[in-house]
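Asks: Handing you this structure, nothing more for now.
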Amino acid sequence: MANIEGQIMSGDFDDEMNVFSLKKIKQFQTQTSLKENQLQALQQYLKQHEHDEDGQIITLYDQMLVPLSQEDIKALLHDLSKVQSLYHE
């Protein structure tokens, strides 16, 4: 299992299961597993909105709102690209 410590998120990548377990985003603790297609969908959405002046808001547990500034979005995209490189067929 590889530990990922990004600029805005952290978690573990399980090479055997080919899944990323997100543990923290910004200062918020979470526990969510992302398959490759889910991570790609998140990347695609953020890329489409990375220049929005007001940023974006994501939700954790369908309840907790996490605001992302333009800088946060760029940092998260960078972190997600690191994780993306770990997925395999």
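Residue numbering restarts at 1 for every chain of the structure tokens, chains are lettered A, B, ... in their displayed order, and ligands are numbered from 1 as they appear.
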For Gln43 of chain A, list every protein, DNA or RNA residue within 10 Å, evaluated using only C-alpha atoms, and leave out those in the same chain fewer than 2 positions away; present the list as a list in words.
Replies: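 Answer for this query is Asn37, Gln38, Leu39, Gln40, Ala41, Tyr45, Leu46, Lys47, Gln48, His49, Ile73, Leu76, Leu77, His78, Leu80, Ser81 and Gln84 of chain A.
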Asks: Put those residues in a file: C-alpha atoms, as a compact mmCIF listing (two decimals), in the first residue's frame.
Replies:
```txt
# COMPACT_ATOMS: atom_id res chain seq x y z
CA ASN A 37 -13.28 5.98 -13.20
CA GLN A 38 -14.47 7.97 -10.18
CA LEU A 39 -11.13 9.74 -9.88
CA GLN A 40 -11.16 10.52 -13.60
CA ALA A 41 -14.68 11.97 -13.35
CA TYR A 45 -15.07 18.14 -13.53
CA LEU A 46 -12.35 20.13 -11.75
CA LYS A 47 -10.50 20.79 -15.02
CA GLN A 48 -13.69 22.21 -16.52
CA HIS A 49 -14.09 24.54 -13.54
CA ILE A 73 -8.46 23.24 -7.34
CA LEU A 76 -6.06 19.04 -5.97
CA LEU A 77 -5.68 18.40 -9.71
CA HIS A 78 -1.93 18.00 -9.17
CA LEU A 80 -5.10 13.59 -8.33
CA SER A 81 -2.67 13.24 -11.24
CA GLN A 84 -3.98 8.56 -11.42
```
Asks: What's around Lys23 of chain A at 9 Å? Count only C-alpha atoms, leave out sequence neighbours fewer than 4 positions away in its own chain, and write the answer as a PyMOL selection string.
Replies: chain A and resi 9-12+28-33
Asks: I'd like to know which of A:Val83, A:Met64, A:Ile25, A:Leu34 is closest to Gln7 of chain A, using only C-alpha atoms.
Replies: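 Looking at the shortest contact to Gln7 of chain A, the residue is A:Ile25.
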Asks: Pick from A:Ala75, A:Leu65, A:Leu60, A:Leu86: nearest to Met1 of chain A, with only C-alpha atoms counted?
Replies: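 Closest candidate: A:Leu86.
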Asks: Based on DSSP run over this structure's backbone, return all residues of chain A in alpha helix (DSSP H), as a PDB file with N, CA and C atoms, in the first residue's frame.
Replies:
```pdb
ATOM      1  N   GLU A  36     -10.721   4.076 -10.337  1.00  0.00           N
ATOM      2  CA  GLU A  36     -10.113   4.918 -11.363  1.00  0.00           C
ATOM      3  C   GLU A  36     -11.142   5.779 -12.096  1.00  0.00           C
ATOM      4  N   ASN A  37     -12.282   5.195 -12.459  1.00  0.00           N
ATOM      5  CA  ASN A  37     -13.282   5.976 -13.203  1.00  0.00           C
ATOM      6  C   ASN A  37     -13.862   7.112 -12.358  1.00  0.00           C
ATOM      7  N   GLN A  38     -13.976   6.915 -11.057  1.00  0.00           N
ATOM      8  CA  GLN A  38     -14.470   7.972 -10.181  1.00  0.00           C
ATOM      9  C   GLN A  38     -13.448   9.105 -10.069  1.00  0.00           C
ATOM     10  N   LEU A  39     -12.186   8.738  -9.950  1.00  0.00           N
ATOM     11  CA  LEU A  39     -11.133   9.742  -9.878  1.00  0.00           C
ATOM     12  C   LEU A  39     -11.060  10.529 -11.180  1.00  0.00           C
ATOM     13  N   GLN A  40     -11.190   9.844 -12.300  1.00  0.00           N
ATOM     14  CA  GLN A  40     -11.159  10.518 -13.602  1.00  0.00           C
ATOM     15  C   GLN A  40     -12.332  11.486 -13.751  1.00  0.00           C
ATOM     16  N   ALA A  41     -13.502  11.094 -13.274  1.00  0.00           N
ATOM     17  CA  ALA A  41     -14.676  11.971 -13.350  1.00  0.00           C
ATOM     18  C   ALA A  41     -14.456  13.231 -12.509  1.00  0.00           C
ATOM     19  N   LEU A  42     -13.872  13.073 -11.334  1.00  0.00           N
ATOM     20  CA  LEU A  42     -13.573  14.220 -10.478  1.00  0.00           C
ATOM     21  C   LEU A  42     -12.541  15.130 -11.142  1.00  0.00           C
ATOM     22  N   GLN A  43     -11.500  14.535 -11.719  1.00  0.00           N
ATOM     23  CA  GLN A  43     -10.487  15.325 -12.432  1.00  0.00           C
ATOM     24  C   GLN A  43     -11.109  16.113 -13.577  1.00  0.00           C
ATOM     25  N   GLN A  44     -11.928  15.453 -14.351  1.00  0.00           N
ATOM     26  CA  GLN A  44     -12.549  16.100 -15.508  1.00  0.00           C
ATOM     27  C   GLN A  44     -13.423  17.274 -15.066  1.00  0.00           C
ATOM     28  N   TYR A  45     -14.207  17.065 -14.031  1.00  0.00           N
ATOM     29  CA  TYR A  45     -15.066  18.135 -13.527  1.00  0.00           C
ATOM     30  C   TYR A  45     -14.226  19.324 -13.056  1.00  0.00           C
ATOM     31  N   LEU A  46     -13.186  19.043 -12.278  1.00  0.00           N
ATOM     32  CA  LEU A  46     -12.353  20.128 -11.754  1.00  0.00           C
ATOM     33  C   LEU A  46     -11.614  20.868 -12.868  1.00  0.00           C
ATOM     34  N   LYS A  47     -11.170  20.141 -13.893  1.00  0.00           N
ATOM     35  CA  LYS A  47     -10.495  20.792 -15.023  1.00  0.00           C
ATOM     36  C   LYS A  47     -11.438  21.750 -15.743  1.00  0.00           C
ATOM     37  N   GLN A  48     -12.707  21.358 -15.854  1.00  0.00           N
ATOM     38  CA  GLN A  48     -13.694  22.212 -16.522  1.00  0.00           C
ATOM     39  C   GLN A  48     -13.977  23.483 -15.723  1.00  0.00           C
ATOM     40  N   HIS A  49     -13.732  23.427 -14.410  1.00  0.00           N
ATOM     41  CA  HIS A  49     -14.093  24.544 -13.536  1.00  0.00           C
ATOM     42  C   HIS A  49     -12.894  25.179 -12.835  1.00  0.00           C
ATOM     43  N   GLN A  70      -9.564  28.681  -6.402  1.00  0.00           N
ATOM     44  CA  GLN A  70      -8.871  28.330  -7.650  1.00  0.00           C
ATOM     45  C   GLN A  70      -7.531  27.662  -7.344  1.00  0.00           C
ATOM     46  N   GLU A  71      -6.804  28.175  -6.350  1.00  0.00           N
ATOM     47  CA  GLU A  71      -5.518  27.575  -5.960  1.00  0.00           C
ATOM     48  C   GLU A  71      -5.713  26.164  -5.440  1.00  0.00           C
ATOM     49  N   ASP A  72      -6.758  25.964  -4.619  1.00  0.00           N
ATOM     50  CA  ASP A  72      -7.058  24.631  -4.091  1.00  0.00           C
ATOM     51  C   ASP A  72      -7.346  23.654  -5.225  1.00  0.00           C
ATOM     52  N   ILE A  73      -8.109  24.099  -6.214  1.00  0.00           N
ATOM     53  CA  ILE A  73      -8.461  23.235  -7.343  1.00  0.00           C
ATOM     54  C   ILE A  73      -7.206  22.824  -8.101  1.00  0.00           C
ATOM     55  N   LYS A  74      -6.307  23.765  -8.350  1.00  0.00           N
ATOM     56  CA  LYS A  74      -5.060  23.440  -9.053  1.00  0.00           C
ATOM     57  C   LYS A  74      -4.221  22.456  -8.251  1.00  0.00           C
ATOM     58  N   ALA A  75      -4.147  22.672  -6.930  1.00  0.00           N
ATOM     59  CA  ALA A  75      -3.388  21.762  -6.068  1.00  0.00           C
ATOM     60  C   ALA A  75      -4.029  20.374  -6.056  1.00  0.00           C
ATOM     61  N   LEU A  76      -5.354  20.327  -5.985  1.00  0.00           N
ATOM     62  CA  LEU A  76      -6.055  19.044  -5.974  1.00  0.00           C
ATOM     63  C   LEU A  76      -5.867  18.314  -7.298  1.00  0.00           C
ATOM     64  N   LEU A  77      -5.928  19.027  -8.406  1.00  0.00           N
ATOM     65  CA  LEU A  77      -5.682  18.400  -9.713  1.00  0.00           C
ATOM     66  C   LEU A  77      -4.276  17.811  -9.772  1.00  0.00           C
ATOM     67  N   HIS A  78      -3.311  18.513  -9.212  1.00  0.00           N
ATOM     68  CA  HIS A  78      -1.934  18.003  -9.171  1.00  0.00           C
ATOM     69  C   HIS A  78      -1.873  16.720  -8.338  1.00  0.00           C
ATOM     70  N   ASP A  79      -2.510  16.737  -7.175  1.00  0.00           N
ATOM     71  CA  ASP A  79      -2.533  15.557  -6.312  1.00  0.00           C
ATOM     72  C   ASP A  79      -3.232  14.383  -6.995  1.00  0.00           C
ATOM     73  N   LEU A  80      -4.352  14.658  -7.648  1.00  0.00           N
ATOM     74  CA  LEU A  80      -5.099  13.594  -8.326  1.00  0.00           C
ATOM     75  C   LEU A  80      -4.294  12.983  -9.467  1.00  0.00           C
ATOM     76  N   SER A  81      -3.488  13.786 -10.142  1.00  0.00           N
ATOM     77  CA  SER A  81      -2.671  13.241 -11.237  1.00  0.00           C
ATOM     78  C   SER A  81      -1.624  12.272 -10.696  1.00  0.00           C
ATOM     79  N   LYS A  82      -1.119  12.531  -9.481  1.00  0.00           N
ATOM     80  CA  LYS A  82      -0.183  11.588  -8.848  1.00  0.00           C
ATOM     81  C   LYS A  82      -0.864  10.241  -8.612  1.00  0.00           C
ATOM     82  N   VAL A  83      -2.080  10.309  -8.091  1.00  0.00           N
ATOM     83  CA  VAL A  83      -2.829   9.080  -7.813  1.00  0.00           C
ATOM     84  C   VAL A  83      -3.174   8.373  -9.121  1.00  0.00           C
ATOM     85  N   GLN A  84      -3.598   9.128 -10.123  1.00  0.00           N
ATOM     86  CA  GLN A  84      -3.979   8.561 -11.424  1.00  0.00           C
ATOM     87  C   GLN A  84      -2.865   7.682 -11.986  1.00  0.00           C
TER      88      GLN A  84
END
```
Asks: As an exercise, work out the distance from atom CA of Ile4 of chain A to atom CA of His51 of chain A in Å and give it to one decimal place.
Replies: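 It comes out at 25.7 Å.
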Asks: Can you work out which one of A:Asn18, A:Ser69, A:Asn3, A:Ser85 has the shortest atom-to-atom distance to Glu53 of chain A, counting only C-alpha atoms?
Replies: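 Once distances to Glu53 of chain A are computed over only C-alpha atoms, the minimum belongs to A:Ser69.
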